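Inspection log for the structure reproduced underneath, given as structure tokens.
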Amino acid sequence: MSEQKFEDLEKFEIRQQFGNWRELLKPTTEMRKGYYSYAALLRDQEYLNLPYPREWNTLDEDWKLPPNWKEIIINKMDELRRKYRSFQVFMDICVRCGACADKCHYYIGTGDPKNMPVVRAELLRSIYRKYFTKSGKVFGEYAGARELTEDVIKEWFLYYFQCSECRRCSVFCPYGIDTAEITMLARELLASIGISQRFTLISAAACVRTGNHLGLNPGGVVNSIQYAVDDIKEITGVDIEVPVNKKGAEILFVTPSGDYFAQPHWFTFMGYLMIFHELGLDYTMSTYAAEGGNFGFFHSFEVAKKINQKIYKEAKRLGVKWILGGECGHMWRIKHQYMATYADDTYDDALKVLEEPVNPITGTVFENASSTKMVHILEFLADILKHKKLKIDKSRNDHLRVTHHDSCNIARGMGLLEEPRFVLKSVCNYYYDMPDHAIREKSYCCGSGAGLLADELFELRMRGGMPRAMAVKYVHEKYGVNHVTAACAIDRAAIPTLLQYWKLPVQMGGVTELVANAMVMKGESERDTDLRGNPLGEYLEVEV
Amino acid sequence: MSFLGTLVGVVIPYVAAFIFVVGVLYRVFQWSKCAVPFNITTTSGQQYSLPWLNRTFMDRFDSPYTGWETAVRMLMEVFLFRSLWKNVRYELPGQTAVSTKWLWLFGLMFHWSLLTVLIRHFRFFLEPVPWFVTAITRLDGFIEVHLSWFQPHVVNIMVTGLLLLIALLYLLIRRIAFPKERTFSLPSDYIALFLLLGVVVTGLLMRYVIPVNVTEVKMLAQGLLAFNPPSNLDLHWLFMLHLLFVSTLLAYFPFSKLMHSAGIFFSPTRNMPNNPRAKRHINPWNYPVKGVDWDEFYENFKDDLDELENMGYVVKPEEV
Amino acid sequence: MRAPLIAVLLIFIGFFFFPYFYNTAVGQLGASLPELQKPLGEQCIEDPNWMSENHMVLLKDWRDNVIRKGIRTYISDTYGTEYNISTYTCFECHTSKAEFCDKCHAYTGVKPNCWDCHVYPELLEQYK
């Protein structure tokens, strides 16, 4: 069924390549357009005080590595294997059973064997064997070991920036080997000799400087909120007020900065504000902690920590009781698994004001967030909707046939699977799940996570997103699905392009947007369109 | 015993067992010494959040919240290969993924058979032979067959021995015949399989084709255990070959991927509960990193922030 | 995170060193083959060493010959002597199951099913 569409997509072909272990040990350094990342800008490297800042170019022969780069890498590897049990265990115990191989959406979409998770790990493992194991030292390439050369570094940069750290392989691995962890450590190694990716570093530096990835000044953030309240007034006729940097509020609301600005995010952002207004929530947003995400996470431990500390610091400064987080993927991987661990004194300091999160409207205690004090907006909304604290008119979403894309990080790094489904089913009459192999913990990545949203990786992203697009196509053809939701800002940026590329007449947005769509506000004017201006009622035909 | 008999029957097994024990302990302690900086559970099911949310029975173990749920998850990984059970194969033409359980089946078959065979071998190491060893052996050999072309008499077939061979052959053939598996298989993957095949084939030969004197085998095993190896044995060459394969496998074990048997217990994505928001995980080597604090931020964006203060920290719709 | 280390050590030591501990605990460490009762006659029907390794095959041969083919006579390969195929032929020299058969069978953990159907010397004694 799908082959026909393939022909429409110009020149699309998956060239499945197979080889043998000897070929895989040879570094691939061919930088094909659409697959390699640009080198970081000098200004960002300098701003973040990264080691060996310099101007360099991925396509150059000479990457201007520091003279003792080899020593640095080996020493760093030695350090990391002591610091991360995951690293050493994952290096040692892989049996190469191959259960992970066709779980990677990049492998599925490109057919490049080095995109199989097992081989991606092997790129690093071969070096680890050579310098840290007896068998590798003695038997060399027969033990699967290889010499560390500049070509290996280039190969790492090429392939560890073709992994979106989605952890799908980790679900299927009988030992739980997590390629995301290996990729993170490989990027850490690259960062130690001054090799970083442009896109992640631009965002990370912007976030350190301005408090958000987009690099908006506080005035820009305020303006953006201003536009949102204006838009809300225009659509619903309701005047709403948004507290920003307000001391003494009960809740600090933090959301990925894409929500302030980018296209399908915008409606989700309006959604948050409308719901908080309707509930009469005592909350505040912040211009200092205006970012939930953390692109430092895609670079190195230190940059991630630099960015992560803002939220607890701001919570302390504003004196809030707990923190509510917006819809975002990697943000929630970090908030769930890393946040309180990253934070040292900032956490203890914040504990002076923070309390165990309690929903002020329903009285529900969020026991599962009792230490980090941070609650996911969908947990919060599920609780609100369960207690029927909002007036919902489901028919306002009747023009949509909805399906939900589980974002990798919140599915496999957090386990938030039922909350979005409960919320969606509470506000839509027509909800359909994609096939089993494409949802919940088996969900396919949008193809653009972990810093791969960069424009130069367009072809890789569209190929990596193919399994997701095909799953959407399936429900589109079967149920007429015309709206995909995802609780992730990267998804909201990546999937519309993906759907366009794969010529699917489906639109895309956040979960909260649909809640706000269906919500009947006090004092609202007659509504004949949804938040996007689409007419209510009739099935919405989305243009390709 | 001859020189060769002493070498293969006594010296090599001792050396191999020594390398095995020291090697495994070394690797295990090395792993244990590594820090676990973050709680990085891979969640494969619904988290524990709102108590009324639909959380299936298996979700509790795929996304464990408490210690015992995590323990059950580990047990299911070790004994049932839970993750491998979920295996799917992506089919490019149909653009769908279908469930595939062959690897799970043969993998599980291999490991359970190996365990049963090892327990059956306890009859050589334990004196007196305890009831469970005899019971397992009887259960394993409950099938009696008569294949006249092969053996003149009815023989008890030890099912696990044959399953072990079948599973190993599958695991080998998939590495040779399947293009993906051939691509990433290293020489070490084949070495492990060949050593195991050597052990299994010599073992099966002894049972079904060339019988050896098992009382002598037991006397050797008992002597080795008591560090008093007997010197008067006349061991069969086939048994010597079997022992040599076993010794090689033992000595190879700590340096190889076979360490996965111990490593799975150390896998941080499986052995940690999914509760990092409820219970803070401490990173033992955490160190402070300086970021931009509020004062610096305020200095940088003074005008914007002062204007926000003038607005009373509230954004309202513009009056039209 | 000590739990995995403890689990692995317990399993490893439990499994690998189990025979050593077990044998020490029941006081049989390094037990050699127990003394068998000396059979009464001059010589066995075949070479004793061969018999100890192959008696099960021989007995199965006997069984098949008697039941399937009606052959009741066995001619010794080693000595050329004729014997009547019957367990009673064995019992002439080997007068105790417990003191002869069971010794080796227990030592090597073998549970033959001969006695499911056949009588053995002790049982004969009891019903005399």
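So you can find residues: chains in the structure tokens are A, B, ... in the order shown, residues in each start at 1, and ligands are numbered from 1 in order.
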
Pull the closest atom pair for each residue of stretch 234-297 of chain B that gets at most 12 Å from stretch 304-310 of chain B, along with the distance in Å to one decimal, counting only C-alpha atoms, ordering rows by chain and then ascending residue number, as a tab-separated table.
```
residue	atom	partner	partner_atom	distance
B:Trp294	CA	B:Leu305	CA	11.2
B:Asp295	CA	B:Leu305	CA	11.5
B:Phe297	CA	B:Leu305	CA	9.5
```

I want to know what sits within 6 Å of stretch 207-215 of chain A, based on only C-alpha atoms, with residues of the same chain fewer than 3 positions away left out; could you give that as a PyMOL selection string? chain A and resi 203-204+257+288-291+307

Spatial neighbours of A:Asn68, 12 Å, only C-alpha atoms, chain gap at least 3 places, as number ranges by chain: A: 52, 64-65, 71-75, 150, 192-193

Could the residues in this selection be written to a file with C-alpha atoms, as a JSON list (two decimals), in the first residue's frame?
```
[["chain", "number", "residue", "atom", "x", "y", "z"],
["A", 52, "TYR", "CA", 39.60, 24.08, 23.23],
["A", 64, "LYS", "CA", 42.10, 21.32, 14.54],
["A", 65, "LEU", "CA", 42.04, 18.90, 17.44],
["A", 71, "GLU", "CA", 45.36, 11.29, 25.60],
["A", 72, "ILE", "CA", 42.42, 13.49, 26.58],
["A", 73, "ILE", "CA", 39.92, 11.04, 25.14],
["A", 74, "ILE", "CA", 41.50, 8.02, 26.80],
["A", 75, "ASN", "CA", 41.72, 9.79, 30.15],
["A", 150, "GLU", "CA", 41.05, 11.09, 13.98],
["A", 192, "SER", "CA", 36.20, 17.14, 26.01],
["A", 193, "ILE", "CA", 38.27, 17.81, 22.88]]
```

Starting from chain C, keep only residues with some atom at most 10 Å from an atom of chain B, counting only C-alpha atoms, and report them as a PyMOL selection string. chain C and resi 1-9+11-13+15-24+26-33+49-50+52-54+57+60-61+63-64+104-112

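For the atom pair formed by atom CA of A:Met184 and atom CA of A:Thr149, the distance is 20.3 Å, given to one decimal.
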
I'd like the contact shell of A:Gly194 - 7 Å cut-off, only C-alpha atoms, skipping same-chain residues fewer than 6 positions apart - returned as number ranges by chain. A: 50-53

So which residues touch B:Gly23 within 9 Å, counting only C-alpha atoms, skipping near sequence neighbours fewer than 4 positions away, as a ChimeraX atom specification? /B:18-19,27-28,251,253-255

Those residues you just picked out, can you put them in a file as an mmCIF file, in the first residue's frame with all heavy atoms?
```
data_model
loop_
_atom_site.group_PDB
_atom_site.id
_atom_site.type_symbol
_atom_site.label_atom_id
_atom_site.label_comp_id
_atom_site.auth_asym_id
_atom_site.auth_seq_id
_atom_site.Cartn_x
_atom_site.Cartn_y
_atom_site.Cartn_z
ATOM 1 N N PHE B 18 40.280 -21.444 38.688
ATOM 2 C CA PHE B 18 40.873 -20.305 39.380
ATOM 3 C C PHE B 18 40.653 -19.013 38.583
ATOM 4 O O PHE B 18 40.194 -18.003 39.113
ATOM 5 C CB PHE B 18 42.365 -20.567 39.587
ATOM 6 C CG PHE B 18 43.060 -19.447 40.307
ATOM 7 C CD1 PHE B 18 42.915 -19.292 41.680
ATOM 8 C CD2 PHE B 18 43.840 -18.531 39.611
ATOM 9 C CE1 PHE B 18 43.539 -18.254 42.338
ATOM 10 C CE2 PHE B 18 44.468 -17.480 40.268
ATOM 11 C CZ PHE B 18 44.316 -17.346 41.633
ATOM 12 N N ILE B 19 40.961 -19.088 37.291
ATOM 13 C CA ILE B 19 40.754 -17.900 36.441
ATOM 14 C C ILE B 19 39.284 -17.494 36.464
ATOM 15 O O ILE B 19 38.942 -16.315 36.570
ATOM 16 C CB ILE B 19 41.202 -18.187 34.989
ATOM 17 C CG1 ILE B 19 42.700 -18.453 34.950
ATOM 18 C CG2 ILE B 19 40.858 -17.011 34.077
ATOM 19 C CD1 ILE B 19 43.205 -18.839 33.575
ATOM 20 N N ARG B 27 35.635 -8.769 37.916
ATOM 21 C CA ARG B 27 34.740 -7.981 37.058
ATOM 22 C C ARG B 27 33.553 -7.451 37.850
ATOM 23 O O ARG B 27 33.146 -6.290 37.712
ATOM 24 C CB ARG B 27 34.230 -8.834 35.885
ATOM 25 C CG ARG B 27 35.297 -9.214 34.888
ATOM 26 C CD ARG B 27 35.916 -8.028 34.199
ATOM 27 N NE ARG B 27 35.046 -7.411 33.223
ATOM 28 C CZ ARG B 27 34.927 -7.836 31.976
ATOM 29 N NH1 ARG B 27 35.603 -8.875 31.561
ATOM 30 N NH2 ARG B 27 34.128 -7.220 31.132
ATOM 31 N N VAL B 28 33.020 -8.307 38.691
ATOM 32 C CA VAL B 28 31.825 -7.921 39.444
ATOM 33 C C VAL B 28 32.167 -6.781 40.428
ATOM 34 O O VAL B 28 31.429 -5.801 40.542
ATOM 35 C CB VAL B 28 31.266 -9.159 40.168
ATOM 36 C CG1 VAL B 28 30.267 -8.747 41.215
ATOM 37 C CG2 VAL B 28 30.615 -10.100 39.173
ATOM 38 N N ALA B 251 37.716 -20.541 31.580
ATOM 39 C CA ALA B 251 38.810 -19.578 31.601
ATOM 40 C C ALA B 251 38.495 -18.378 30.705
ATOM 41 O O ALA B 251 38.921 -17.261 30.959
ATOM 42 C CB ALA B 251 40.097 -20.246 31.144
ATOM 43 N N PHE B 253 35.463 -17.250 30.107
ATOM 44 C CA PHE B 253 34.261 -16.597 30.628
ATOM 45 C C PHE B 253 34.464 -15.151 31.125
ATOM 46 O O PHE B 253 33.810 -14.236 30.626
ATOM 47 C CB PHE B 253 33.678 -17.481 31.733
ATOM 48 C CG PHE B 253 32.276 -17.168 32.117
ATOM 49 C CD1 PHE B 253 31.219 -17.870 31.561
ATOM 50 C CD2 PHE B 253 31.992 -16.172 33.036
ATOM 51 C CE1 PHE B 253 29.918 -17.584 31.912
ATOM 52 C CE2 PHE B 253 30.690 -15.879 33.383
ATOM 53 C CZ PHE B 253 29.653 -16.591 32.819
ATOM 54 N N PRO B 254 35.384 -14.927 32.070
ATOM 55 C CA PRO B 254 35.449 -13.574 32.641
ATOM 56 C C PRO B 254 35.890 -12.508 31.650
ATOM 57 O O PRO B 254 35.654 -11.328 31.874
ATOM 58 C CB PRO B 254 36.480 -13.694 33.765
ATOM 59 C CG PRO B 254 36.846 -15.104 33.865
ATOM 60 C CD PRO B 254 36.341 -15.837 32.672
ATOM 61 N N PHE B 255 36.541 -12.905 30.559
ATOM 62 C CA PHE B 255 37.040 -11.906 29.605
ATOM 63 C C PHE B 255 36.068 -11.660 28.466
ATOM 64 O O PHE B 255 36.360 -10.915 27.558
ATOM 65 C CB PHE B 255 38.367 -12.376 29.015
ATOM 66 C CG PHE B 255 39.379 -12.702 30.059
ATOM 67 C CD1 PHE B 255 39.621 -14.015 30.430
ATOM 68 C CD2 PHE B 255 40.061 -11.687 30.709
ATOM 69 C CE1 PHE B 255 40.532 -14.309 31.421
ATOM 70 C CE2 PHE B 255 40.978 -11.979 31.696
ATOM 71 C CZ PHE B 255 41.209 -13.298 32.059
#
```

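Considering only C-alpha atoms, the residue among A:Thr497, A:Gln263, A:Asn20, A:Thr284 positioned nearest to chain B is A:Asn20.
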
Would you list, as an MDAnalysis selection string, the residues of stretch 277-475 of chain A that end up in alpha helix (DSSP H) under DSSP run on this structure's backbone? chainID A and resid 277:279 301:318 330:337 339:342 345:350 377:386 408:412 418:427 458:464 466:475

Every residue of stretch 226-464 of chain A that DSSP places in strand (DSSP E or B), as a PDB file with N, CA, C and O atoms, in the first residue's frame:
```pdb
ATOM      1  N   VAL A 242      -2.019  37.088  33.241  1.00  0.00           N
ATOM      2  CA  VAL A 242      -0.964  36.095  33.442  1.00  0.00           C
ATOM      3  C   VAL A 242       0.112  36.680  34.350  1.00  0.00           C
ATOM      4  O   VAL A 242       0.774  37.640  33.990  1.00  0.00           O
ATOM      5  N   PRO A 243       0.264  36.112  35.536  1.00  0.00           N
ATOM      6  CA  PRO A 243       1.319  36.602  36.425  1.00  0.00           C
ATOM      7  C   PRO A 243       2.690  36.142  35.944  1.00  0.00           C
ATOM      8  O   PRO A 243       2.860  34.976  35.572  1.00  0.00           O
ATOM      9  N   VAL A 244       3.626  37.073  35.929  1.00  0.00           N
ATOM     10  CA  VAL A 244       4.998  36.725  35.532  1.00  0.00           C
ATOM     11  C   VAL A 244       5.944  37.247  36.607  1.00  0.00           C
ATOM     12  O   VAL A 244       5.823  38.393  37.043  1.00  0.00           O
ATOM     13  N   ILE A 251       2.290  28.293  42.723  1.00  0.00           N
ATOM     14  CA  ILE A 251       2.881  27.383  41.757  1.00  0.00           C
ATOM     15  C   ILE A 251       3.731  28.159  40.764  1.00  0.00           C
ATOM     16  O   ILE A 251       3.333  29.220  40.281  1.00  0.00           O
ATOM     17  N   LEU A 252       4.908  27.598  40.455  1.00  0.00           N
ATOM     18  CA  LEU A 252       5.711  28.142  39.364  1.00  0.00           C
ATOM     19  C   LEU A 252       5.447  27.288  38.137  1.00  0.00           C
ATOM     20  O   LEU A 252       5.565  26.067  38.183  1.00  0.00           O
ATOM     21  N   PHE A 253       5.058  27.937  37.040  1.00  0.00           N
ATOM     22  CA  PHE A 253       4.783  27.173  35.826  1.00  0.00           C
ATOM     23  C   PHE A 253       5.945  27.323  34.861  1.00  0.00           C
ATOM     24  O   PHE A 253       6.333  28.439  34.510  1.00  0.00           O
ATOM     25  N   VAL A 254       6.504  26.200  34.452  1.00  0.00           N
ATOM     26  CA  VAL A 254       7.658  26.195  33.555  1.00  0.00           C
ATOM     27  C   VAL A 254       7.311  25.365  32.330  1.00  0.00           C
ATOM     28  O   VAL A 254       6.802  24.260  32.454  1.00  0.00           O
ATOM     29  N   TYR A 283      -0.702  31.040  40.278  1.00  0.00           N
ATOM     30  CA  TYR A 283       0.559  30.595  39.704  1.00  0.00           C
ATOM     31  C   TYR A 283       1.338  31.779  39.180  1.00  0.00           C
ATOM     32  O   TYR A 283       0.839  32.906  39.142  1.00  0.00           O
ATOM     33  N   THR A 284       2.545  31.507  38.772  1.00  0.00           N
ATOM     34  CA  THR A 284       3.315  32.534  38.093  1.00  0.00           C
ATOM     35  C   THR A 284       4.218  31.883  37.055  1.00  0.00           C
ATOM     36  O   THR A 284       4.619  30.745  37.212  1.00  0.00           O
ATOM     37  N   MET A 285       4.479  32.643  35.994  1.00  0.00           N
ATOM     38  CA  MET A 285       5.505  32.204  35.064  1.00  0.00           C
ATOM     39  C   MET A 285       6.762  32.974  35.418  1.00  0.00           C
ATOM     40  O   MET A 285       6.743  33.841  36.285  1.00  0.00           O
ATOM     41  N   TRP A 322       5.255  24.696  44.852  1.00  0.00           N
ATOM     42  CA  TRP A 322       5.678  23.595  43.976  1.00  0.00           C
ATOM     43  C   TRP A 322       5.714  24.063  42.534  1.00  0.00           C
ATOM     44  O   TRP A 322       5.354  25.203  42.231  1.00  0.00           O
ATOM     45  N   ILE A 323       6.173  23.164  41.656  1.00  0.00           N
ATOM     46  CA  ILE A 323       6.441  23.547  40.275  1.00  0.00           C
ATOM     47  C   ILE A 323       5.591  22.692  39.341  1.00  0.00           C
ATOM     48  O   ILE A 323       5.457  21.484  39.541  1.00  0.00           O
ATOM     49  N   LEU A 324       4.996  23.348  38.373  1.00  0.00           N
ATOM     50  CA  LEU A 324       4.195  22.640  37.377  1.00  0.00           C
ATOM     51  C   LEU A 324       4.936  22.752  36.050  1.00  0.00           C
ATOM     52  O   LEU A 324       5.405  23.824  35.688  1.00  0.00           O
ATOM     53  N   GLY A 325       5.051  21.648  35.349  1.00  0.00           N
ATOM     54  CA  GLY A 325       5.820  21.658  34.108  1.00  0.00           C
ATOM     55  C   GLY A 325       4.947  21.434  32.899  1.00  0.00           C
ATOM     56  O   GLY A 325       4.035  20.609  32.925  1.00  0.00           O
ATOM     57  N   VAL A 358       0.450  19.713  46.082  1.00  0.00           N
ATOM     58  CA  VAL A 358      -0.965  19.403  46.318  1.00  0.00           C
ATOM     59  C   VAL A 358      -1.764  20.207  45.305  1.00  0.00           C
ATOM     60  O   VAL A 358      -1.552  21.410  45.162  1.00  0.00           O
ATOM     61  N   VAL A 365      -2.905  14.936  46.494  1.00  0.00           N
ATOM     62  CA  VAL A 365      -1.480  15.022  46.794  1.00  0.00           C
ATOM     63  C   VAL A 365      -0.720  14.245  45.733  1.00  0.00           C
ATOM     64  O   VAL A 365      -1.014  13.077  45.484  1.00  0.00           O
ATOM     65  N   MET A 374       7.831  18.536  41.450  1.00  0.00           N
ATOM     66  CA  MET A 374       7.505  19.004  40.122  1.00  0.00           C
ATOM     67  C   MET A 374       6.497  18.064  39.481  1.00  0.00           C
ATOM     68  O   MET A 374       6.702  16.855  39.422  1.00  0.00           O
ATOM     69  N   VAL A 375       5.384  18.627  39.019  1.00  0.00           N
ATOM     70  CA  VAL A 375       4.267  17.832  38.518  1.00  0.00           C
ATOM     71  C   VAL A 375       4.094  18.109  37.032  1.00  0.00           C
ATOM     72  O   VAL A 375       4.241  19.241  36.578  1.00  0.00           O
ATOM     73  N   HIS A 376       3.794  17.068  36.289  1.00  0.00           N
ATOM     74  CA  HIS A 376       3.566  17.199  34.850  1.00  0.00           C
ATOM     75  C   HIS A 376       2.165  17.757  34.618  1.00  0.00           C
ATOM     76  O   HIS A 376       1.218  17.379  35.291  1.00  0.00           O
ATOM     77  N   ILE A 392     -16.581  20.891  30.260  1.00  0.00           N
ATOM     78  CA  ILE A 392     -16.051  20.419  28.975  1.00  0.00           C
ATOM     79  C   ILE A 392     -17.202  20.169  27.996  1.00  0.00           C
ATOM     80  O   ILE A 392     -18.194  19.538  28.343  1.00  0.00           O
ATOM     81  N   VAL A 402      -8.623  12.172  16.500  1.00  0.00           N
ATOM     82  CA  VAL A 402      -7.362  12.417  17.205  1.00  0.00           C
ATOM     83  C   VAL A 402      -6.595  11.126  17.459  1.00  0.00           C
ATOM     84  O   VAL A 402      -7.188  10.092  17.773  1.00  0.00           O
ATOM     85  N   THR A 403      -5.311  11.198  17.305  1.00  0.00           N
ATOM     86  CA  THR A 403      -4.437  10.112  17.755  1.00  0.00           C
ATOM     87  C   THR A 403      -3.313  10.736  18.566  1.00  0.00           C
ATOM     88  O   THR A 403      -3.068  11.941  18.471  1.00  0.00           O
ATOM     89  N   HIS A 404      -2.663   9.921  19.392  1.00  0.00           N
ATOM     90  CA  HIS A 404      -1.623  10.471  20.263  1.00  0.00           C
ATOM     91  C   HIS A 404      -0.282   9.826  19.983  1.00  0.00           C
ATOM     92  O   HIS A 404      -0.177   8.610  19.880  1.00  0.00           O
ATOM     93  N   HIS A 405       0.725  10.688  19.842  1.00  0.00           N
ATOM     94  CA  HIS A 405       2.100  10.219  19.657  1.00  0.00           C
ATOM     95  C   HIS A 405       2.791  10.277  21.013  1.00  0.00           C
ATOM     96  O   HIS A 405       2.926  11.343  21.590  1.00  0.00           O
ATOM     97  N   TYR A 431     -11.225   9.419  19.483  1.00  0.00           N
ATOM     98  CA  TYR A 431      -9.809   9.183  19.760  1.00  0.00           C
ATOM     99  C   TYR A 431      -9.444   7.784  19.293  1.00  0.00           C
ATOM    100  O   TYR A 431     -10.154   6.824  19.570  1.00  0.00           O
TER     101      TYR A 431
END
```

For atom CA of A:Leu148 and atom CA of A:Glu456, the interatomic separation in Å (one decimal): 27.2 Å

Neighbours of stretch 72-74 of chain C within 7 Å (only C-alpha atoms; same-chain residues fewer than 3 positions away dropped), as an mmCIF file with N, CA, C and O atoms, in the first residue's frame?
```cif
data_model
loop_
_atom_site.group_PDB
_atom_site.id
_atom_site.type_symbol
_atom_site.label_atom_id
_atom_site.label_comp_id
_atom_site.auth_asym_id
_atom_site.auth_seq_id
_atom_site.Cartn_x
_atom_site.Cartn_y
_atom_site.Cartn_z
ATOM 1 N N VAL C 66 15.221 -62.220 25.061
ATOM 2 C CA VAL C 66 14.251 -63.134 25.664
ATOM 3 C C VAL C 66 12.842 -62.797 25.203
ATOM 4 O O VAL C 66 12.091 -63.648 24.718
ATOM 5 N N GLU C 82 28.585 -70.763 28.120
ATOM 6 C CA GLU C 82 27.154 -70.533 27.930
ATOM 7 C C GLU C 82 26.499 -70.163 29.253
ATOM 8 O O GLU C 82 26.816 -70.718 30.295
ATOM 9 N N TYR C 83 25.545 -69.220 29.185
ATOM 10 C CA TYR C 83 24.793 -68.835 30.383
ATOM 11 C C TYR C 83 23.321 -68.776 30.058
ATOM 12 O O TYR C 83 22.942 -68.462 28.930
ATOM 13 N N ASN C 84 22.494 -69.072 31.055
ATOM 14 C CA ASN C 84 21.057 -68.908 30.917
ATOM 15 C C ASN C 84 20.727 -67.431 31.112
ATOM 16 O O ASN C 84 21.171 -66.808 32.080
ATOM 17 N N ILE C 85 19.965 -66.862 30.179
ATOM 18 C CA ILE C 85 19.640 -65.439 30.294
ATOM 19 C C ILE C 85 18.539 -65.244 31.321
ATOM 20 O O ILE C 85 17.377 -65.586 31.084
#
```

Contacts of A:Gln500 at 12 Å or less, counting only C-alpha atoms, minus same-chain residues fewer than 6 places along, as a ChimeraX atom specification? /A:9,462,465-466,469,473,494,506-508,542-544

Would you output that residue set with N, CA, C and O atoms, as an mmCIF file, in the first residue's frame?
```
data_model
loop_
_atom_site.group_PDB
_atom_site.id
_atom_site.type_symbol
_atom_site.label_atom_id
_atom_site.label_comp_id
_atom_site.auth_asym_id
_atom_site.auth_seq_id
_atom_site.Cartn_x
_atom_site.Cartn_y
_atom_site.Cartn_z
ATOM 1 N N LEU A 9 7.338 10.471 -3.478
ATOM 2 C CA LEU A 9 8.411 11.156 -2.784
ATOM 3 C C LEU A 9 9.657 10.990 -3.617
ATOM 4 O O LEU A 9 10.151 9.894 -3.819
ATOM 5 N N MET A 462 13.746 13.147 8.237
ATOM 6 C CA MET A 462 12.572 12.666 7.504
ATOM 7 C C MET A 462 12.598 11.143 7.384
ATOM 8 O O MET A 462 11.580 10.487 7.422
ATOM 9 N N GLY A 465 11.902 9.707 10.837
ATOM 10 C CA GLY A 465 10.503 9.876 11.208
ATOM 11 C C GLY A 465 9.561 8.986 10.413
ATOM 12 O O GLY A 465 8.353 8.963 10.681
ATOM 13 N N MET A 466 10.118 8.259 9.457
ATOM 14 C CA MET A 466 9.263 7.447 8.582
ATOM 15 C C MET A 466 8.362 6.465 9.332
ATOM 16 O O MET A 466 7.151 6.431 9.070
ATOM 17 N N ALA A 469 5.554 8.387 10.755
ATOM 18 C CA ALA A 469 4.664 8.896 9.705
ATOM 19 C C ALA A 469 3.791 7.769 9.161
ATOM 20 O O ALA A 469 2.596 7.956 8.905
ATOM 21 N N LYS A 473 -0.147 7.448 9.045
ATOM 22 C CA LYS A 473 -0.828 7.170 7.782
ATOM 23 C C LYS A 473 -1.843 6.030 7.953
ATOM 24 O O LYS A 473 -2.960 6.086 7.440
ATOM 25 N N ALA A 494 8.797 19.123 14.918
ATOM 26 C CA ALA A 494 9.284 18.182 13.913
ATOM 27 C C ALA A 494 8.163 17.523 13.133
ATOM 28 O O ALA A 494 8.270 17.334 11.926
ATOM 29 N N VAL A 506 -2.716 15.653 7.781
ATOM 30 C CA VAL A 506 -2.959 15.556 9.217
ATOM 31 C C VAL A 506 -2.290 16.746 9.869
ATOM 32 O O VAL A 506 -1.196 17.139 9.471
ATOM 33 N N GLN A 507 -2.956 17.351 10.858
ATOM 34 C CA GLN A 507 -2.314 18.437 11.578
ATOM 35 C C GLN A 507 -1.862 17.946 12.941
ATOM 36 O O GLN A 507 -2.137 16.821 13.339
ATOM 37 N N MET A 508 -1.183 18.812 13.666
ATOM 38 C CA MET A 508 -0.458 18.327 14.833
ATOM 39 C C MET A 508 -0.494 19.385 15.911
ATOM 40 O O MET A 508 -0.517 20.576 15.610
ATOM 41 N N VAL A 542 -7.629 18.592 6.242
ATOM 42 C CA VAL A 542 -6.356 19.295 6.344
ATOM 43 C C VAL A 542 -5.689 19.266 4.980
ATOM 44 O O VAL A 542 -5.691 18.248 4.297
ATOM 45 N N GLU A 543 -5.164 20.423 4.585
ATOM 46 C CA GLU A 543 -4.487 20.452 3.287
ATOM 47 C C GLU A 543 -3.080 19.879 3.409
ATOM 48 O O GLU A 543 -2.402 20.098 4.385
ATOM 49 N N VAL A 544 -2.700 19.150 2.352
ATOM 50 C CA VAL A 544 -1.351 18.559 2.378
ATOM 51 C C VAL A 544 -0.344 19.643 2.031
ATOM 52 O O VAL A 544 -0.483 20.329 1.038
#
```

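Across the model, the gap from atom CA of A:Ala205 to atom CA of A:Phe261 is 18.4 Å.
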
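Among the candidate residues A:Arg85, A:Lys70, A:Lys386, A:Lys305, the one lying nearest to chain C is A:Arg85, with distances computed using only C-alpha atoms.
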